[in-house]
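protein32.cif (mmCIF, C-alpha atoms and all ligand atoms)
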data_query
#
loop_
_atom_site.label_atom_id
_atom_site.label_comp_id
_atom_site.auth_asym_id
_atom_site.auth_seq_id
_atom_site.Cartn_x
_atom_site.Cartn_y
_atom_site.Cartn_z
CA MET A 212 11.94 -23.60 20.76
CA LYS A 213 10.40 -22.63 24.12
CA THR A 214 12.92 -21.22 26.57
CA TYR A 215 12.52 -21.60 30.31
CA GLY A 216 15.19 -20.62 32.80
CA LEU A 217 16.50 -19.48 36.13
CA ILE A 218 17.59 -16.02 37.25
CA GLY A 219 19.86 -15.49 40.26
CA TYR A 220 23.47 -14.71 41.04
CA PRO A 221 25.78 -16.55 41.10
CA LEU A 222 24.33 -19.70 39.51
CA GLU A 223 27.06 -22.29 39.70
CA HIS A 224 25.16 -25.22 41.21
CA SER A 225 21.62 -25.28 39.96
CA PHE A 226 19.27 -28.12 40.88
CA SER A 227 16.65 -26.73 38.47
CA GLY A 228 18.99 -26.71 35.46
CA LYS A 229 19.73 -30.43 35.85
CA TYR A 230 16.18 -31.29 36.86
CA PHE A 231 14.56 -29.79 33.76
CA ALA A 232 17.20 -31.10 31.34
CA GLU A 233 16.50 -34.61 32.69
CA LYS A 234 12.74 -34.07 32.68
CA PHE A 235 12.70 -32.97 29.03
CA LYS A 236 14.73 -36.06 28.07
CA LYS A 237 12.88 -38.58 30.23
CA GLU A 238 9.41 -37.37 29.25
CA ASN A 239 10.41 -36.77 25.64
CA ILE A 240 9.36 -33.11 25.83
CA GLN A 241 10.40 -31.61 22.48
CA ASN A 242 11.51 -28.09 21.60
CA CYS A 243 12.05 -26.92 25.16
CA GLU A 244 15.23 -25.73 26.80
CA TYR A 245 16.05 -24.56 30.35
CA ARG A 246 18.79 -21.94 30.56
CA LEU A 247 20.65 -20.31 33.41
CA PHE A 248 20.58 -16.50 33.45
CA PRO A 249 23.12 -15.33 36.04
CA ILE A 250 22.18 -11.63 36.08
CA GLU A 251 24.36 -9.35 38.17
CA ASN A 252 21.62 -6.78 38.64
CA ILE A 253 17.87 -7.25 38.95
CA GLN A 254 17.32 -4.44 36.42
CA ASP A 255 18.60 -6.88 33.76
CA PHE A 256 15.25 -8.65 34.16
CA GLU A 257 13.77 -5.92 31.90
CA ASN A 258 16.01 -7.13 29.02
CA LEU A 259 15.10 -10.76 29.63
CA LYS A 260 11.42 -9.88 29.43
CA GLN A 261 11.93 -8.79 25.80
CA GLN A 262 13.41 -12.18 24.87
CA ASN A 263 10.18 -14.16 24.56
CA ILE A 264 10.85 -16.43 27.52
CA ALA A 265 8.16 -18.98 28.38
CA GLY A 266 8.75 -19.09 32.15
CA LEU A 267 11.36 -18.37 34.79
CA ASN A 268 12.45 -19.56 38.20
CA VAL A 269 13.98 -17.05 40.59
CA THR A 270 16.60 -17.78 43.21
CA ILE A 271 18.92 -16.00 45.64
CA PRO A 272 19.35 -13.01 45.82
CA TYR A 273 16.29 -11.94 43.79
CA LYS A 274 13.28 -13.71 45.34
CA GLU A 275 12.15 -10.48 47.00
CA GLN A 276 13.84 -7.89 44.74
CA ILE A 277 11.92 -9.19 41.70
CA ILE A 278 8.51 -8.21 43.10
CA PRO A 279 8.39 -4.55 41.93
CA TYR A 280 9.26 -5.69 38.39
CA LEU A 281 6.21 -7.95 38.08
CA ASP A 282 2.72 -7.01 36.85
CA GLU A 283 0.88 -9.33 39.24
CA LEU A 284 1.38 -11.61 42.25
CA ASP A 285 -0.46 -14.78 43.17
CA GLU A 286 -2.06 -14.63 46.65
CA HIS A 287 0.48 -16.94 48.35
CA ALA A 288 3.49 -15.14 46.87
CA LYS A 289 1.96 -11.88 48.07
CA ALA A 290 1.40 -13.15 51.62
CA ILE A 291 4.90 -14.70 51.78
CA GLY A 292 6.62 -11.70 50.17
CA ALA A 293 8.84 -13.83 47.92
CA VAL A 294 8.62 -15.14 44.34
CA ASN A 295 10.43 -18.12 42.83
CA VAL A 296 8.35 -18.66 39.69
CA ILE A 297 7.37 -16.17 36.96
CA GLN A 298 4.66 -16.90 34.45
CA PHE A 299 4.38 -14.82 31.25
CA ASN A 300 0.99 -14.47 29.68
CA ASN A 301 0.21 -12.06 26.79
CA GLY A 302 3.13 -9.85 27.76
CA LYS A 303 2.15 -9.76 31.44
CA SER A 304 4.30 -11.26 34.19
CA LYS A 305 2.88 -12.92 37.32
CA GLY A 306 4.89 -14.10 40.35
CA PHE A 307 4.22 -17.30 42.31
CA ASN A 308 5.87 -19.07 45.24
CA SER A 309 6.17 -22.77 44.40
CA ASP A 310 8.14 -23.52 47.62
CA TYR A 311 4.75 -23.06 49.30
CA TYR A 312 3.17 -25.86 47.23
CA GLY A 313 6.25 -28.11 47.32
CA PHE A 314 6.39 -27.98 51.11
CA LYS A 315 2.64 -28.26 51.65
CA ASP A 316 2.20 -31.42 49.54
CA SER A 317 5.26 -33.06 51.05
CA LEU A 318 4.26 -32.19 54.63
CA LEU A 319 0.77 -33.60 54.12
CA SER A 320 2.18 -36.92 52.97
CA PHE A 321 4.76 -36.97 55.82
CA LEU A 322 2.39 -36.28 58.74
CA PRO A 323 -0.26 -38.74 59.89
CA THR A 324 -3.80 -37.49 59.18
CA GLU A 325 -4.50 -37.46 62.93
CA PHE A 326 -1.51 -35.13 63.66
CA ASN A 327 -2.67 -32.89 66.47
CA SER A 328 0.33 -31.06 67.90
CA LYS A 329 2.23 -27.83 67.32
CA ALA A 330 5.20 -27.02 65.10
CA LEU A 331 8.52 -25.38 65.82
CA ILE A 332 10.21 -23.63 62.90
CA LEU A 333 13.99 -23.21 63.16
CA GLY A 334 15.29 -20.12 61.34
CA THR A 335 13.71 -16.90 60.09
CA GLY A 336 14.95 -16.54 56.49
CA GLY A 337 13.15 -16.67 53.14
CA ALA A 338 12.17 -20.34 53.28
CA SER A 339 10.83 -19.92 56.81
CA LYS A 340 8.24 -17.42 55.51
CA ALA A 341 6.80 -19.91 53.00
CA ILE A 342 6.70 -22.62 55.67
CA LYS A 343 4.81 -20.30 58.06
CA LYS A 344 2.15 -19.60 55.43
CA VAL A 345 1.65 -23.34 54.85
CA LEU A 346 1.24 -23.99 58.58
CA ILE A 347 -1.26 -21.13 58.87
CA ASP A 348 -3.27 -22.52 55.93
CA LEU A 349 -3.19 -26.05 57.42
CA SER A 350 -4.22 -24.69 60.87
CA ILE A 351 -1.10 -26.12 62.53
CA PRO A 352 -0.12 -23.75 65.39
CA PHE A 353 3.59 -22.91 65.42
CA LYS A 354 6.39 -21.01 67.11
CA VAL A 355 9.72 -19.85 65.71
CA ALA A 356 13.25 -20.33 67.06
CA SER A 357 16.04 -17.95 66.08
CA ARG A 358 19.60 -17.05 67.01
CA LYS A 359 18.24 -13.51 67.37
CA GLU A 360 16.15 -12.10 70.21
CA GLY A 361 12.61 -11.01 69.35
CA PHE A 362 11.22 -14.36 68.15
CA ASP A 363 9.45 -17.04 70.25
CA PHE A 364 12.55 -18.94 71.40
CA THR A 365 16.31 -18.63 71.24
CA TYR A 366 18.29 -21.87 71.11
CA ASP A 367 19.63 -21.11 74.62
CA GLU A 368 16.06 -20.94 75.93
CA LEU A 369 15.20 -24.30 74.35
CA ASN A 370 18.32 -25.89 75.81
CA SER A 371 17.61 -24.58 79.27
CA LYS A 372 14.04 -26.00 79.13
CA PRO A 373 14.20 -29.21 77.04
CA GLU A 374 10.67 -30.18 78.17
CA VAL A 375 9.33 -27.42 75.88
CA LEU A 376 9.90 -29.80 72.96
CA SER A 377 7.15 -32.10 74.23
CA ASP A 378 4.66 -29.44 73.04
CA TYR A 379 6.11 -29.31 69.51
CA HIS A 380 5.92 -32.65 67.77
CA LEU A 381 6.77 -31.20 64.37
CA ILE A 382 10.20 -29.52 64.10
CA ILE A 383 11.17 -27.95 60.78
CA ASN A 384 14.76 -26.98 60.02
CA THR A 385 14.83 -24.01 57.63
CA THR A 386 18.45 -23.12 58.48
CA PRO A 387 21.25 -24.21 56.14
CA LEU A 388 22.99 -26.10 59.00
CA GLY A 389 24.13 -29.57 57.95
CA THR A 390 24.37 -28.83 54.22
CA TYR A 391 27.30 -30.49 52.41
CA PRO A 392 30.26 -30.11 53.04
CA LYS A 393 29.59 -29.12 56.69
CA VAL A 394 27.59 -32.30 57.23
CA GLU A 395 28.29 -32.58 60.95
CA GLU A 396 26.46 -29.32 61.78
CA LYS A 397 22.90 -29.26 63.11
CA PRO A 398 20.61 -26.80 64.92
CA ASP A 399 21.47 -26.43 68.60
CA LEU A 400 18.51 -28.28 70.20
CA PRO A 401 18.09 -30.49 73.29
CA TYR A 402 17.81 -33.64 71.12
CA GLN A 403 17.55 -35.81 74.26
CA ALA A 404 13.97 -34.50 74.65
CA LEU A 405 12.85 -35.98 71.30
CA THR A 406 10.63 -39.07 71.24
CA GLU A 407 9.01 -41.44 68.75
CA ASN A 408 6.08 -39.00 68.64
CA HIS A 409 8.24 -36.34 66.97
CA PHE A 410 8.44 -35.52 63.25
CA LEU A 411 11.57 -33.79 61.98
CA TYR A 412 11.39 -32.07 58.60
CA ASP A 413 14.73 -30.86 57.22
CA LEU A 414 14.65 -28.51 54.22
CA VAL A 415 18.28 -29.49 53.58
CA TYR A 416 18.52 -32.34 51.03
CA ASN A 417 22.28 -32.80 50.61
CA PRO A 418 23.29 -35.08 52.34
CA SER A 419 20.12 -37.18 52.16
CA GLU A 420 20.31 -37.97 55.88
CA THR A 421 21.44 -34.84 57.72
CA ALA A 422 22.92 -34.68 61.23
CA PHE A 423 19.58 -33.16 62.39
CA MET A 424 17.69 -36.15 60.97
CA LYS A 425 20.19 -38.63 62.45
CA ALA A 426 19.84 -37.09 65.92
CA GLY A 427 16.03 -37.37 65.61
CA SER A 428 16.09 -40.96 64.32
CA ALA A 429 18.33 -41.96 67.25
CA LYS A 430 15.42 -41.02 69.56
CA GLY A 431 12.81 -42.77 67.39
CA ALA A 432 11.49 -39.63 65.63
CA LYS A 433 10.28 -39.83 62.00
CA THR A 434 12.40 -37.76 59.61
CA ILE A 435 12.31 -36.42 56.04
CA ASN A 436 14.77 -34.36 54.01
CA GLY A 437 14.03 -31.50 51.57
CA LEU A 438 14.24 -33.45 48.31
CA GLU A 439 10.51 -34.10 47.97
CA MET A 440 9.84 -30.38 48.51
CA LEU A 441 12.48 -29.47 45.93
CA VAL A 442 11.05 -31.80 43.28
CA GLY A 443 7.53 -30.65 44.23
CA GLN A 444 8.37 -26.98 43.72
CA ALA A 445 10.01 -27.72 40.34
CA GLU A 446 6.97 -29.66 39.14
CA LYS A 447 4.68 -26.89 40.37
CA SER A 448 6.72 -24.38 38.33
CA TRP A 449 6.20 -26.51 35.21
CA GLU A 450 2.47 -26.71 35.89
CA ILE A 451 2.23 -22.91 36.40
CA TRP A 452 4.14 -22.17 33.14
CA ASN A 453 1.91 -24.51 31.16
CA ARG A 454 -1.46 -23.46 32.54
CA LYS A 455 -3.98 -22.63 29.85
N1 LIG A 501 14.10 -28.28 49.95
C1 LIG A 501 13.74 -27.18 49.33
O1 LIG A 501 12.98 -27.20 48.35
C2 LIG A 501 14.24 -25.87 49.82
C3 LIG A 501 13.60 -24.67 49.46
C4 LIG A 501 14.08 -23.46 49.97
C5 LIG A 501 15.19 -23.48 50.81
N2 LIG A 501 15.81 -24.65 51.12
C6 LIG A 501 16.96 -24.71 52.02
O2 LIG A 501 16.60 -24.09 53.23
C7 LIG A 501 17.71 -23.42 53.80
C8 LIG A 501 17.34 -21.97 54.11
O3 LIG A 501 17.05 -21.27 52.95
P1 LIG A 501 16.67 -19.72 53.02
O4 LIG A 501 16.50 -19.27 51.63
O5 LIG A 501 15.58 -19.49 54.01
O6 LIG A 501 18.04 -19.13 53.62
P2 LIG A 501 18.22 -17.78 54.42
O7 LIG A 501 17.25 -16.75 53.95
O8 LIG A 501 19.67 -17.54 54.40
O9 LIG A 501 17.74 -18.14 55.92
C9 LIG A 501 18.24 -19.13 56.70
C10 LIG A 501 17.96 -18.80 58.17
O10 LIG A 501 18.61 -19.79 58.92
C11 LIG A 501 19.16 -19.23 60.10
N3 LIG A 501 20.60 -19.49 60.10
C12 LIG A 501 21.50 -19.16 59.16
N4 LIG A 501 22.75 -19.55 59.53
C13 LIG A 501 22.61 -20.14 60.74
C14 LIG A 501 23.52 -20.74 61.65
N5 LIG A 501 24.85 -20.80 61.39
N6 LIG A 501 23.03 -21.23 62.81
C15 LIG A 501 21.70 -21.18 63.10
N7 LIG A 501 20.79 -20.61 62.26
C16 LIG A 501 21.25 -20.11 61.10
C17 LIG A 501 18.89 -17.75 60.07
O11 LIG A 501 17.80 -17.47 60.94
P3 LIG A 501 18.06 -16.72 62.34
O12 LIG A 501 18.98 -15.57 62.01
O13 LIG A 501 16.72 -16.30 62.75
O14 LIG A 501 18.70 -17.69 63.28
C18 LIG A 501 18.53 -17.48 58.62
O15 LIG A 501 17.61 -16.45 58.46
C19 LIG A 501 18.85 -23.56 52.78
O16 LIG A 501 19.67 -24.63 53.18
C20 LIG A 501 18.12 -23.88 51.49
O17 LIG A 501 18.93 -24.64 50.60
C21 LIG A 501 15.35 -25.85 50.64
#

Spell out the structure here as structure tokens.
Amino acid sequence: MKTYGLIGYPLEHSFSGKYFAEKFKKENIQNCEYRLFPIENIQDFENLKQQNIAGLNVTIPYKEQIIPYLDELDEHAKAIGAVNVIQFNNGKSKGFNSDYYGFKDSLLSFLPTEFNSKALILGTGGASKAIKKVLIDLSIPFKVASRKEGFDFTYDELNSKPEVLSDYHLIINTTPLGTYPKVEEKPDLPYQALTENHFLYDLVYNPSETAFMKAGSAKGAKTINGLEMLVGQAEKSWEIWNRK
């Protein structure tokens, strides 16, 4: 039996647990299991390493804390500073960031090939760092909005100059605003400045149409939720674990 799994704490609602159980069944993948390892302390990773695990996902709060425990980092994980996939190979552990790949593939299929504008990233947390690296690699110029001073825009600045949004046709929500059950919440933007030339990417996937997406659609903008990215990062994990 090959054991894959997820480390984090707490681990009550895990998308990955359900996703891989269904994948193994649907694709008739034999002798594989995906287990949840809710470890209270990152040092417990040392014990897990001894248990002959085939591959791990990493979630909150360990995406950054895991790094010193790994033997190697892939270049994107290194640049982003966060790991959500661990590959084990001949006793060596290597960290990857599959959010990077999940977002990149999904963004490329969402945007028209002739997209030629700038992006605005909302939020400065862990996911925002992976999104920034993708935009750098795709040569899409971007700015960042935060509740805090010291970034490109605060939400107050955007609201006092709505016309700024005409320079940013791609707007990416990396904040948790709008996630079930607080489905009425959305980032504090001047939505009236959106047009049919805008593309709104929400990393939130529950509900499937968020308040942010609804406000964009009402002005004719194209919208996408975070489900494709989520599935993409899970499939990338599987590919990384099974690389020869
Ligand atoms: N679809 C996917 O595959 C995928 C992958 C990763 C993450 N996600 C989702 O993306 C979201 C962010 O994840 P994360 O790991 O980056 O979380 P995080 O590290 O907690 O960061 C979220 C950022 O959002 C901003 N924020 C938080 N609360 C806010 C509020 N009440 N109002 C306005 N801004 C707020 C903050 O930035 P400022 O302090 O700068 O304002 C914060 O740093 C979560 O909903 C997560 O589920 C989805």

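You can rank A:Lys433, A:His224, A:Lys329, A:Lys425 by their closest distance to ligand LIG 501 (chain A) using all atoms listed in the file, and at the top of that list sits A:His224.
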
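The residue that comes closest to ligand LIG 501 (chain A), out of A:Val375, A:Ala338, A:Leu333, A:Val442 and on the basis of all atoms listed in the file, is A:Ala338.
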
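Atom CA of Thr421 of chain A to atom CA of Thr434 of chain A spans 9.7 Å [interatomic distance, one decimal].
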
Shell of 9 Å around segment 317-322 of chain A, all atoms listed in the file, local chain residues under 6 positions omitted, as a ChimeraX atom specification: /A:381,410,412,433-435,437,439-440,443

Chain A residues near ligand LIG 501 (chain A) within 7 Å, closest pair each, using all atoms listed in the file, as JSON lines:
{"residue": "A:Asp310", "atom": "CA", "partner": "A:LIG501", "partner_atom": "C3", "distance": 5.9}
{"residue": "A:Gly313", "atom": "CA", "partner": "A:LIG501", "partner_atom": "O1", "distance": 6.9}
{"residue": "A:Gly334", "atom": "CA", "partner": "A:LIG501", "partner_atom": "O11", "distance": 3.7}
{"residue": "A:Thr335", "atom": "CA", "partner": "A:LIG501", "partner_atom": "O13", "distance": 4.1}
{"residue": "A:Gly336", "atom": "CA", "partner": "A:LIG501", "partner_atom": "O9", "distance": 3.3}
{"residue": "A:Gly337", "atom": "CA", "partner": "A:LIG501", "partner_atom": "O5", "distance": 3.8}
{"residue": "A:Ala338", "atom": "CA", "partner": "A:LIG501", "partner_atom": "O5", "distance": 3.6}
{"residue": "A:Ser339", "atom": "CA", "partner": "A:LIG501", "partner_atom": "O5", "distance": 5.5}
{"residue": "A:Ala356", "atom": "CA", "partner": "A:LIG501", "partner_atom": "O13", "distance": 6.8}
{"residue": "A:Ser357", "atom": "CA", "partner": "A:LIG501", "partner_atom": "O13", "distance": 3.8}
{"residue": "A:Arg358", "atom": "CA", "partner": "A:LIG501", "partner_atom": "O14", "distance": 3.9}
{"residue": "A:Lys359", "atom": "CA", "partner": "A:LIG501", "partner_atom": "O13", "distance": 5.6}
{"residue": "A:Thr385", "atom": "CA", "partner": "A:LIG501", "partner_atom": "O2", "distance": 4.7}
{"residue": "A:Thr386", "atom": "CA", "partner": "A:LIG501", "partner_atom": "O10", "distance": 3.4}
{"residue": "A:Pro387", "atom": "CA", "partner": "A:LIG501", "partner_atom": "O16", "distance": 3.4}
{"residue": "A:Leu388", "atom": "CA", "partner": "A:LIG501", "partner_atom": "C14", "distance": 6.0}
{"residue": "A:Thr390", "atom": "CA", "partner": "A:LIG501", "partner_atom": "O16", "distance": 6.4}
{"residue": "A:Pro398", "atom": "CA", "partner": "A:LIG501", "partner_atom": "C15", "distance": 6.0}
{"residue": "A:Leu414", "atom": "CA", "partner": "A:LIG501", "partner_atom": "N1", "distance": 4.3}
{"residue": "A:Val415", "atom": "CA", "partner": "A:LIG501", "partner_atom": "O16", "distance": 5.1}
{"residue": "A:Tyr416", "atom": "CA", "partner": "A:LIG501", "partner_atom": "N1", "distance": 6.1}
{"residue": "A:Gly437", "atom": "CA", "partner": "A:LIG501", "partner_atom": "N1", "distance": 3.6}
{"residue": "A:Leu438", "atom": "CA", "partner": "A:LIG501", "partner_atom": "N1", "distance": 5.4}
{"residue": "A:Met440", "atom": "CA", "partner": "A:LIG501", "partner_atom": "O1", "distance": 4.5}
{"residue": "A:Leu441", "atom": "CA", "partner": "A:LIG501", "partner_atom": "O1", "distance": 3.4}
{"residue": "A:Gln444", "atom": "CA", "partner": "A:LIG501", "partner_atom": "O1", "distance": 6.5}

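Distance annotation: of A:Lys343, A:Lys397, A:Lys289, A:Lys274, the residue with the minimal separation from Tyr220 of chain A is A:Lys274; atom set is all atoms listed in the file.
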
For Ile253 of chain A, list every protein, DNA or RNA residue within 9 Å, evaluated using all atoms listed in the file, and leave out those in the same chain fewer than 6 positions away; present the list as a list in words. Ile218, Gly219, Tyr273, Gln276, Ile277 and Tyr280 of chain A

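For the set A:Ile264, A:Leu331, A:Ile291, A:Leu376, the residue with the smallest atom-to-atom gap to Lys354 of chain A is A:Leu331, counting only C-alpha atoms.
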
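Each of A:Glu446, A:Glu360, A:Asp282, A:Glu368 was compared to Gly302 of chain A using all atoms listed in the file, and A:Asp282 turns out to be the nearest.
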
Residue rebuild result segment 419-449 of chain A, N, CA and C atoms as a PDB file, keeping the file's coordinate frame:
ATOM      1  N   SER A 419      21.521 -36.755  52.085  1.00  0.00           N
ATOM      2  CA  SER A 419      20.120 -37.180  52.160  1.00  0.00           C
ATOM      3  C   SER A 419      19.704 -37.468  53.603  1.00  0.00           C
ATOM      4  N   GLU A 420      20.642 -37.901  54.448  1.00  0.00           N
ATOM      5  CA  GLU A 420      20.310 -37.970  55.880  1.00  0.00           C
ATOM      6  C   GLU A 420      21.221 -36.996  56.620  1.00  0.00           C
ATOM      7  N   THR A 421      20.654 -35.895  57.077  1.00  0.00           N
ATOM      8  CA  THR A 421      21.440 -34.840  57.720  1.00  0.00           C
ATOM      9  C   THR A 421      21.701 -35.195  59.183  1.00  0.00           C
ATOM     10  N   ALA A 422      22.621 -34.458  59.812  1.00  0.00           N
ATOM     11  CA  ALA A 422      22.920 -34.680  61.230  1.00  0.00           C
ATOM     12  C   ALA A 422      21.668 -34.425  62.088  1.00  0.00           C
ATOM     13  N   PHE A 423      20.855 -33.458  61.692  1.00  0.00           N
ATOM     14  CA  PHE A 423      19.580 -33.160  62.390  1.00  0.00           C
ATOM     15  C   PHE A 423      18.664 -34.385  62.321  1.00  0.00           C
ATOM     16  N   MET A 424      18.541 -34.971  61.135  1.00  0.00           N
ATOM     17  CA  MET A 424      17.690 -36.150  60.970  1.00  0.00           C
ATOM     18  C   MET A 424      18.250 -37.342  61.769  1.00  0.00           C
ATOM     19  N   LYS A 425      19.565 -37.509  61.733  1.00  0.00           N
ATOM     20  CA  LYS A 425      20.190 -38.630  62.450  1.00  0.00           C
ATOM     21  C   LYS A 425      19.916 -38.523  63.944  1.00  0.00           C
ATOM     22  N   ALA A 426      20.055 -37.288  64.482  1.00  0.00           N
ATOM     23  CA  ALA A 426      19.840 -37.090  65.920  1.00  0.00           C
ATOM     24  C   ALA A 426      18.387 -37.390  66.278  1.00  0.00           C
ATOM     25  N   GLY A 427      17.447 -37.069  65.380  1.00  0.00           N
ATOM     26  CA  GLY A 427      16.030 -37.370  65.610  1.00  0.00           C
ATOM     27  C   GLY A 427      15.770 -38.867  65.539  1.00  0.00           C
ATOM     28  N   SER A 428      16.293 -39.502  64.500  1.00  0.00           N
ATOM     29  CA  SER A 428      16.090 -40.960  64.320  1.00  0.00           C
ATOM     30  C   SER A 428      16.613 -41.719  65.528  1.00  0.00           C
ATOM     31  N   ALA A 429      17.735 -41.254  66.101  1.00  0.00           N
ATOM     32  CA  ALA A 429      18.330 -41.960  67.250  1.00  0.00           C
ATOM     33  C   ALA A 429      17.353 -41.983  68.426  1.00  0.00           C
ATOM     34  N   LYS A 430      16.415 -41.037  68.473  1.00  0.00           N
ATOM     35  CA  LYS A 430      15.420 -41.020  69.560  1.00  0.00           C
ATOM     36  C   LYS A 430      14.071 -41.580  69.090  1.00  0.00           C
ATOM     37  N   GLY A 431      14.043 -42.139  67.891  1.00  0.00           N
ATOM     38  CA  GLY A 431      12.810 -42.770  67.390  1.00  0.00           C
ATOM     39  C   GLY A 431      11.911 -41.830  66.602  1.00  0.00           C
ATOM     40  N   ALA A 432      12.325 -40.577  66.383  1.00  0.00           N
ATOM     41  CA  ALA A 432      11.490 -39.630  65.630  1.00  0.00           C
ATOM     42  C   ALA A 432      11.449 -40.012  64.143  1.00  0.00           C
ATOM     43  N   LYS A 433      10.354 -39.629  63.457  1.00  0.00           N
ATOM     44  CA  LYS A 433      10.280 -39.830  62.000  1.00  0.00           C
ATOM     45  C   LYS A 433      10.958 -38.629  61.345  1.00  0.00           C
ATOM     46  N   THR A 434      11.653 -38.854  60.239  1.00  0.00           N
ATOM     47  CA  THR A 434      12.400 -37.760  59.610  1.00  0.00           C
ATOM     48  C   THR A 434      12.184 -37.745  58.099  1.00  0.00           C
ATOM     49  N   ILE A 435      12.361 -36.552  57.515  1.00  0.00           N
ATOM     50  CA  ILE A 435      12.310 -36.420  56.040  1.00  0.00           C
ATOM     51  C   ILE A 435      13.261 -35.297  55.647  1.00  0.00           C
ATOM     52  N   ASN A 436      13.907 -35.445  54.496  1.00  0.00           N
ATOM     53  CA  ASN A 436      14.770 -34.360  54.010  1.00  0.00           C
ATOM     54  C   ASN A 436      14.016 -33.489  52.986  1.00  0.00           C
ATOM     55  N   GLY A 437      14.697 -32.487  52.422  1.00  0.00           N
ATOM     56  CA  GLY A 437      14.030 -31.500  51.570  1.00  0.00           C
ATOM     57  C   GLY A 437      13.893 -31.868  50.105  1.00  0.00           C
ATOM     58  N   LEU A 438      14.250 -33.122  49.740  1.00  0.00           N
ATOM     59  CA  LEU A 438      14.240 -33.450  48.310  1.00  0.00           C
ATOM     60  C   LEU A 438      12.828 -33.462  47.710  1.00  0.00           C
ATOM     61  N   GLU A 439      11.884 -34.035  48.477  1.00  0.00           N
ATOM     62  CA  GLU A 439      10.510 -34.100  47.970  1.00  0.00           C
ATOM     63  C   GLU A 439       9.948 -32.689  47.741  1.00  0.00           C
ATOM     64  N   MET A 440      10.284 -31.776  48.651  1.00  0.00           N
ATOM     65  CA  MET A 440       9.840 -30.380  48.510  1.00  0.00           C
ATOM     66  C   MET A 440      10.465 -29.748  47.264  1.00  0.00           C
ATOM     67  N   LEU A 441      11.753 -30.047  47.055  1.00  0.00           N
ATOM     68  CA  LEU A 441      12.480 -29.470  45.930  1.00  0.00           C
ATOM     69  C   LEU A 441      11.896 -29.940  44.592  1.00  0.00           C
ATOM     70  N   VAL A 442      11.639 -31.239  44.506  1.00  0.00           N
ATOM     71  CA  VAL A 442      11.050 -31.800  43.280  1.00  0.00           C
ATOM     72  C   VAL A 442       9.623 -31.242  43.127  1.00  0.00           C
ATOM     73  N   GLY A 443       8.907 -31.165  44.251  1.00  0.00           N
ATOM     74  CA  GLY A 443       7.530 -30.650  44.230  1.00  0.00           C
ATOM     75  C   GLY A 443       7.468 -29.220  43.733  1.00  0.00           C
ATOM     76  N   GLN A 444       8.410 -28.378  44.171  1.00  0.00           N
ATOM     77  CA  GLN A 444       8.370 -26.980  43.720  1.00  0.00           C
ATOM     78  C   GLN A 444       8.736 -26.866  42.241  1.00  0.00           C
ATOM     79  N   ALA A 445       9.639 -27.748  41.761  1.00  0.00           N
ATOM     80  CA  ALA A 445      10.010 -27.720  40.340  1.00  0.00           C
ATOM     81  C   ALA A 445       8.817 -28.135  39.477  1.00  0.00           C
ATOM     82  N   GLU A 446       8.138 -29.197  39.892  1.00  0.00           N
ATOM     83  CA  GLU A 446       6.970 -29.660  39.140  1.00  0.00           C
ATOM     84  C   GLU A 446       5.840 -28.626  39.168  1.00  0.00           C
ATOM     85  N   LYS A 447       5.708 -27.935  40.286  1.00  0.00           N
ATOM     86  CA  LYS A 447       4.680 -26.890  40.370  1.00  0.00           C
ATOM     87  C   LYS A 447       5.013 -25.749  39.406  1.00  0.00           C
ATOM     88  N   SER A 448       6.306 -25.424  39.278  1.00  0.00           N
ATOM     89  CA  SER A 448       6.720 -24.380  38.330  1.00  0.00           C
ATOM     90  C   SER A 448       6.270 -24.771  36.920  1.00  0.00           C
ATOM     91  N   TRP A 449       6.552 -26.017  36.552  1.00  0.00           N
ATOM     92  CA  TRP A 449       6.200 -26.510  35.210  1.00  0.00           C
ATOM     93  C   TRP A 449       4.688 -26.404  34.985  1.00  0.00           C
TER      94      TRP A 449
END
